[in-house]
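First comes the structure, then the notes that go with it.
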Amino acid sequence: MEIKELQSRVDAWIKEYGVRYFSELTNMACLTEEVGELARIMARRYGEQSFKAGEKDDLAGEMADVLWVLVCLANQTGVDLTAALEASFAKKTARDKERHKANEKLR
């Protein structure tokens with residue numbers, strides 16, 4: 001699925017099933033919550049913490065939840081994520097095209 005299609009599908013879903021977008025501030029809080037849920041799984045799966053009884057280990061699901069809310073925020077604030085990501089690639093390439101190759105810590 002292309003990013004533009006993702007933005008359109010989320011928008012269509014919101015309009016059909018979600019009634020309307022939550023406010024931008026509410027969605028920002030939801031994004032923070034979803035990132036926290038992703039962080040919890042990462043800490044338990046890859047860090048020193050262990051899962052508690054009954055905790056979910058759904059890494060893909062939590063990543064999808066983060067992406068969903070981020071797309072909601074992009075849609076409601078008029079951000080074209082395809083254009084934004086293309087600009088981000090250009091910025092990072094100009095800034096970092098040699099920096100990481102020269103970093104001894106990455107070898």
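Going by the structure tokens order, chains are called A, B, ..., each with residues numbered from 1, while ligands are numbered from 1 in the order shown.
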
From a backbone DSSP assignment, name each residue in chain A labelled alpha helix (DSSP H), as a short mmCIF file (atom, residue, chain, number, x, y, z; two decimals) with N, CA, C and O atoms, in the first residue's frame.
```
data_model
loop_
_atom_site.label_atom_id
_atom_site.label_comp_id
_atom_site.auth_asym_id
_atom_site.auth_seq_id
_atom_site.Cartn_x
_atom_site.Cartn_y
_atom_site.Cartn_z
N ILE A 3 1.68 5.25 0.66
CA ILE A 3 1.36 6.12 1.79
C ILE A 3 0.11 6.96 1.49
O ILE A 3 -0.75 7.12 2.36
N LYS A 4 0.01 7.45 0.28
CA LYS A 4 -1.18 8.25 -0.11
C LYS A 4 -2.45 7.41 0.05
O LYS A 4 -3.47 7.90 0.55
N GLU A 5 -2.38 6.14 -0.35
CA GLU A 5 -3.54 5.26 -0.19
C GLU A 5 -3.83 5.03 1.29
O GLU A 5 -4.99 4.99 1.70
N LEU A 6 -2.78 4.87 2.09
CA LEU A 6 -2.96 4.69 3.53
C LEU A 6 -3.70 5.89 4.11
O LEU A 6 -4.67 5.73 4.87
N GLN A 7 -3.28 7.09 3.75
CA GLN A 7 -3.95 8.28 4.26
C GLN A 7 -5.41 8.31 3.82
O GLN A 7 -6.29 8.64 4.63
N SER A 8 -5.69 7.93 2.59
CA SER A 8 -7.07 7.92 2.09
C SER A 8 -7.91 6.86 2.79
O SER A 8 -9.07 7.10 3.14
N ARG A 9 -7.33 5.68 3.01
CA ARG A 9 -8.09 4.60 3.65
C ARG A 9 -8.40 4.92 5.10
O ARG A 9 -9.50 4.64 5.59
N VAL A 10 -7.44 5.50 5.81
CA VAL A 10 -7.70 5.90 7.20
C VAL A 10 -8.80 6.95 7.22
O VAL A 10 -9.73 6.88 8.03
N ASP A 11 -8.73 7.92 6.32
CA ASP A 11 -9.74 8.97 6.27
C ASP A 11 -11.13 8.37 5.99
O ASP A 11 -12.11 8.74 6.65
N ALA A 12 -11.21 7.46 5.04
CA ALA A 12 -12.49 6.82 4.73
C ALA A 12 -13.01 6.03 5.92
O ALA A 12 -14.22 6.06 6.21
N TRP A 13 -12.14 5.33 6.62
CA TRP A 13 -12.55 4.55 7.79
C TRP A 13 -13.09 5.47 8.88
O TRP A 13 -14.14 5.20 9.47
N GLU A 24 -7.02 17.34 17.41
CA GLU A 24 -5.57 17.17 17.22
C GLU A 24 -4.88 16.90 18.56
O GLU A 24 -3.99 16.06 18.63
N LEU A 25 -5.28 17.62 19.59
CA LEU A 25 -4.66 17.44 20.90
C LEU A 25 -4.96 16.05 21.46
O LEU A 25 -4.08 15.38 22.01
N THR A 26 -6.21 15.59 21.30
CA THR A 26 -6.56 14.24 21.76
C THR A 26 -5.75 13.20 20.99
O THR A 26 -5.22 12.26 21.57
N ASN A 27 -5.64 13.38 19.67
CA ASN A 27 -4.85 12.42 18.89
C ASN A 27 -3.38 12.46 19.25
O ASN A 27 -2.71 11.43 19.22
N MET A 28 -2.86 13.62 19.62
CA MET A 28 -1.47 13.68 20.07
C MET A 28 -1.31 12.88 21.36
O MET A 28 -0.33 12.15 21.53
N ALA A 29 -2.27 13.00 22.27
CA ALA A 29 -2.23 12.20 23.50
C ALA A 29 -2.35 10.71 23.18
O ALA A 29 -1.66 9.88 23.78
N CYS A 30 -3.22 10.37 22.22
CA CYS A 30 -3.35 8.97 21.81
C CYS A 30 -2.06 8.45 21.20
O CYS A 30 -1.65 7.30 21.46
N LEU A 31 -1.39 9.27 20.40
CA LEU A 31 -0.10 8.87 19.81
C LEU A 31 0.92 8.60 20.91
O LEU A 31 1.64 7.59 20.87
N THR A 32 0.97 9.47 21.90
CA THR A 32 1.88 9.27 23.02
C THR A 32 1.58 7.97 23.75
O THR A 32 2.49 7.22 24.11
N GLU A 33 0.30 7.70 23.95
CA GLU A 33 -0.11 6.45 24.61
C GLU A 33 0.32 5.24 23.79
O GLU A 33 0.87 4.27 24.34
N GLU A 34 0.11 5.28 22.48
CA GLU A 34 0.48 4.15 21.63
C GLU A 34 2.00 3.95 21.59
O GLU A 34 2.47 2.81 21.60
N VAL A 35 2.75 5.04 21.56
CA VAL A 35 4.21 4.92 21.59
C VAL A 35 4.65 4.29 22.92
O VAL A 35 5.56 3.46 22.95
N GLY A 36 3.98 4.63 24.00
CA GLY A 36 4.28 4.03 25.30
C GLY A 36 4.01 2.54 25.30
O GLY A 36 4.79 1.75 25.87
N GLU A 37 2.92 2.12 24.67
CA GLU A 37 2.62 0.69 24.59
C GLU A 37 3.66 -0.04 23.75
O GLU A 37 4.08 -1.15 24.10
N LEU A 38 4.12 0.59 22.68
CA LEU A 38 5.20 0.03 21.87
C LEU A 38 6.49 -0.06 22.68
O LEU A 38 7.19 -1.08 22.66
N ALA A 39 6.78 0.99 23.42
CA ALA A 39 7.99 1.01 24.25
C ALA A 39 7.97 -0.09 25.30
O ALA A 39 9.01 -0.71 25.58
N ARG A 40 6.81 -0.35 25.88
CA ARG A 40 6.69 -1.40 26.88
C ARG A 40 7.07 -2.76 26.29
O ARG A 40 7.84 -3.52 26.86
N ILE A 41 6.56 -3.05 25.11
CA ILE A 41 6.89 -4.32 24.46
C ILE A 41 8.37 -4.38 24.12
O ILE A 41 9.02 -5.42 24.32
N MET A 42 8.91 -3.30 23.61
CA MET A 42 10.35 -3.28 23.27
C MET A 42 11.20 -3.51 24.50
O MET A 42 12.18 -4.26 24.46
N ALA A 43 10.83 -2.88 25.61
CA ALA A 43 11.60 -3.04 26.86
C ALA A 43 11.56 -4.47 27.36
O ALA A 43 12.54 -4.97 27.92
N ARG A 44 10.43 -5.13 27.16
CA ARG A 44 10.31 -6.50 27.64
C ARG A 44 10.92 -7.50 26.67
O ARG A 44 11.53 -8.47 27.09
N ARG A 45 10.76 -7.26 25.39
CA ARG A 45 11.27 -8.20 24.41
C ARG A 45 12.78 -8.07 24.20
O ARG A 45 13.50 -9.05 24.07
N LEU A 59 4.03 -6.81 18.95
CA LEU A 59 4.88 -5.74 18.46
C LEU A 59 4.31 -5.12 17.18
O LEU A 59 4.19 -3.90 17.06
N ALA A 60 3.93 -5.96 16.23
CA ALA A 60 3.39 -5.46 14.95
C ALA A 60 2.11 -4.67 15.17
O ALA A 60 1.91 -3.60 14.56
N GLY A 61 1.25 -5.16 16.03
CA GLY A 61 0.00 -4.46 16.31
C GLY A 61 0.23 -3.09 16.91
O GLY A 61 -0.45 -2.12 16.55
N GLU A 62 1.19 -2.99 17.83
CA GLU A 62 1.48 -1.69 18.44
C GLU A 62 2.11 -0.74 17.44
O GLU A 62 1.82 0.46 17.43
N MET A 63 2.98 -1.25 16.56
CA MET A 63 3.56 -0.39 15.51
C MET A 63 2.46 0.11 14.59
O MET A 63 2.46 1.29 14.20
N ALA A 64 1.52 -0.76 14.25
CA ALA A 64 0.40 -0.35 13.39
C ALA A 64 -0.47 0.70 14.08
O ALA A 64 -0.93 1.65 13.43
N ASP A 65 -0.67 0.56 15.39
CA ASP A 65 -1.45 1.56 16.13
C ASP A 65 -0.76 2.92 16.11
O ASP A 65 -1.42 3.96 15.96
N VAL A 66 0.56 2.94 16.27
CA VAL A 66 1.32 4.20 16.21
C VAL A 66 1.15 4.83 14.83
O VAL A 66 0.86 6.03 14.71
N LEU A 67 1.30 4.01 13.79
CA LEU A 67 1.17 4.52 12.43
C LEU A 67 -0.23 5.05 12.17
O LEU A 67 -0.41 6.11 11.56
N TRP A 68 -1.24 4.34 12.65
CA TRP A 68 -2.64 4.75 12.46
C TRP A 68 -2.86 6.15 13.02
O TRP A 68 -3.39 7.03 12.34
N VAL A 69 -2.46 6.38 14.26
CA VAL A 69 -2.71 7.68 14.89
C VAL A 69 -1.87 8.76 14.21
O VAL A 69 -2.34 9.89 14.02
N LEU A 70 -0.66 8.43 13.80
CA LEU A 70 0.17 9.40 13.09
C LEU A 70 -0.49 9.80 11.77
O LEU A 70 -0.52 10.98 11.41
N VAL A 71 -1.06 8.83 11.07
CA VAL A 71 -1.78 9.14 9.83
C VAL A 71 -3.01 9.99 10.11
O VAL A 71 -3.30 10.94 9.37
N CYS A 72 -3.71 9.71 11.19
CA CYS A 72 -4.85 10.56 11.57
C CYS A 72 -4.39 12.00 11.76
O CYS A 72 -5.02 12.94 11.25
N LEU A 73 -3.31 12.19 12.48
CA LEU A 73 -2.79 13.54 12.71
C LEU A 73 -2.39 14.21 11.40
O LEU A 73 -2.66 15.40 11.19
N ALA A 74 -1.75 13.46 10.52
CA ALA A 74 -1.37 14.01 9.22
C ALA A 74 -2.61 14.43 8.44
O ALA A 74 -2.65 15.54 7.88
N ASN A 75 -3.60 13.56 8.41
CA ASN A 75 -4.83 13.89 7.67
C ASN A 75 -5.50 15.14 8.20
O ASN A 75 -5.90 16.01 7.43
N GLN A 76 -5.64 15.24 9.49
CA GLN A 76 -6.41 16.35 10.03
C GLN A 76 -5.63 17.66 10.06
O GLN A 76 -6.23 18.72 10.22
N THR A 77 -4.32 17.60 9.86
CA THR A 77 -3.52 18.83 9.82
C THR A 77 -3.05 19.16 8.40
O THR A 77 -2.29 20.11 8.20
N LEU A 81 2.05 12.96 3.82
CA LEU A 81 3.17 12.19 4.36
C LEU A 81 4.16 11.76 3.29
O LEU A 81 5.36 11.66 3.56
N THR A 82 3.70 11.52 2.07
CA THR A 82 4.63 11.17 0.99
C THR A 82 5.60 12.32 0.75
O THR A 82 6.82 12.11 0.73
N ALA A 83 5.08 13.51 0.61
CA ALA A 83 5.94 14.68 0.38
C ALA A 83 6.84 14.94 1.58
O ALA A 83 8.03 15.26 1.42
N ALA A 84 6.29 14.77 2.78
CA ALA A 84 7.08 15.00 3.99
C ALA A 84 8.24 14.00 4.09
O ALA A 84 9.35 14.37 4.46
N LEU A 85 7.97 12.74 3.75
CA LEU A 85 9.03 11.73 3.81
C LEU A 85 10.08 11.95 2.73
O LEU A 85 11.28 11.75 2.98
N GLU A 86 9.65 12.35 1.54
CA GLU A 86 10.62 12.67 0.49
C GLU A 86 11.53 13.81 0.94
O GLU A 86 12.75 13.75 0.74
N ALA A 87 10.96 14.82 1.55
CA ALA A 87 11.76 15.94 2.06
C ALA A 87 12.70 15.48 3.17
O ALA A 87 13.85 15.92 3.25
N SER A 88 12.23 14.56 4.00
CA SER A 88 13.07 14.03 5.08
C SER A 88 14.25 13.23 4.54
O SER A 88 15.37 13.35 5.03
N PHE A 89 13.99 12.42 3.50
CA PHE A 89 15.09 11.68 2.86
C PHE A 89 16.13 12.64 2.31
O PHE A 89 17.34 12.43 2.49
N ALA A 90 15.69 13.68 1.63
CA ALA A 90 16.61 14.66 1.06
C ALA A 90 17.43 15.35 2.14
O ALA A 90 18.66 15.50 2.02
N LYS A 91 16.77 15.73 3.22
CA LYS A 91 17.46 16.41 4.33
C LYS A 91 18.50 15.49 4.96
O LYS A 91 19.64 15.88 5.17
N LYS A 92 18.09 14.25 5.26
CA LYS A 92 19.00 13.31 5.91
C LYS A 92 20.17 12.94 5.00
O LYS A 92 21.29 12.78 5.46
N THR A 93 19.91 12.81 3.70
CA THR A 93 20.98 12.47 2.77
C THR A 93 22.00 13.60 2.70
O THR A 93 23.20 13.36 2.77
N ALA A 94 21.51 14.82 2.59
CA ALA A 94 22.43 15.97 2.53
C ALA A 94 23.24 16.10 3.81
O ALA A 94 24.43 16.38 3.78
N ARG A 95 22.61 15.86 4.93
CA ARG A 95 23.27 16.04 6.22
C ARG A 95 24.16 14.86 6.60
O ARG A 95 25.22 15.04 7.20
N ASP A 96 23.73 13.65 6.28
CA ASP A 96 24.36 12.46 6.86
C ASP A 96 25.02 11.51 5.88
O ASP A 96 25.44 10.43 6.27
#
```
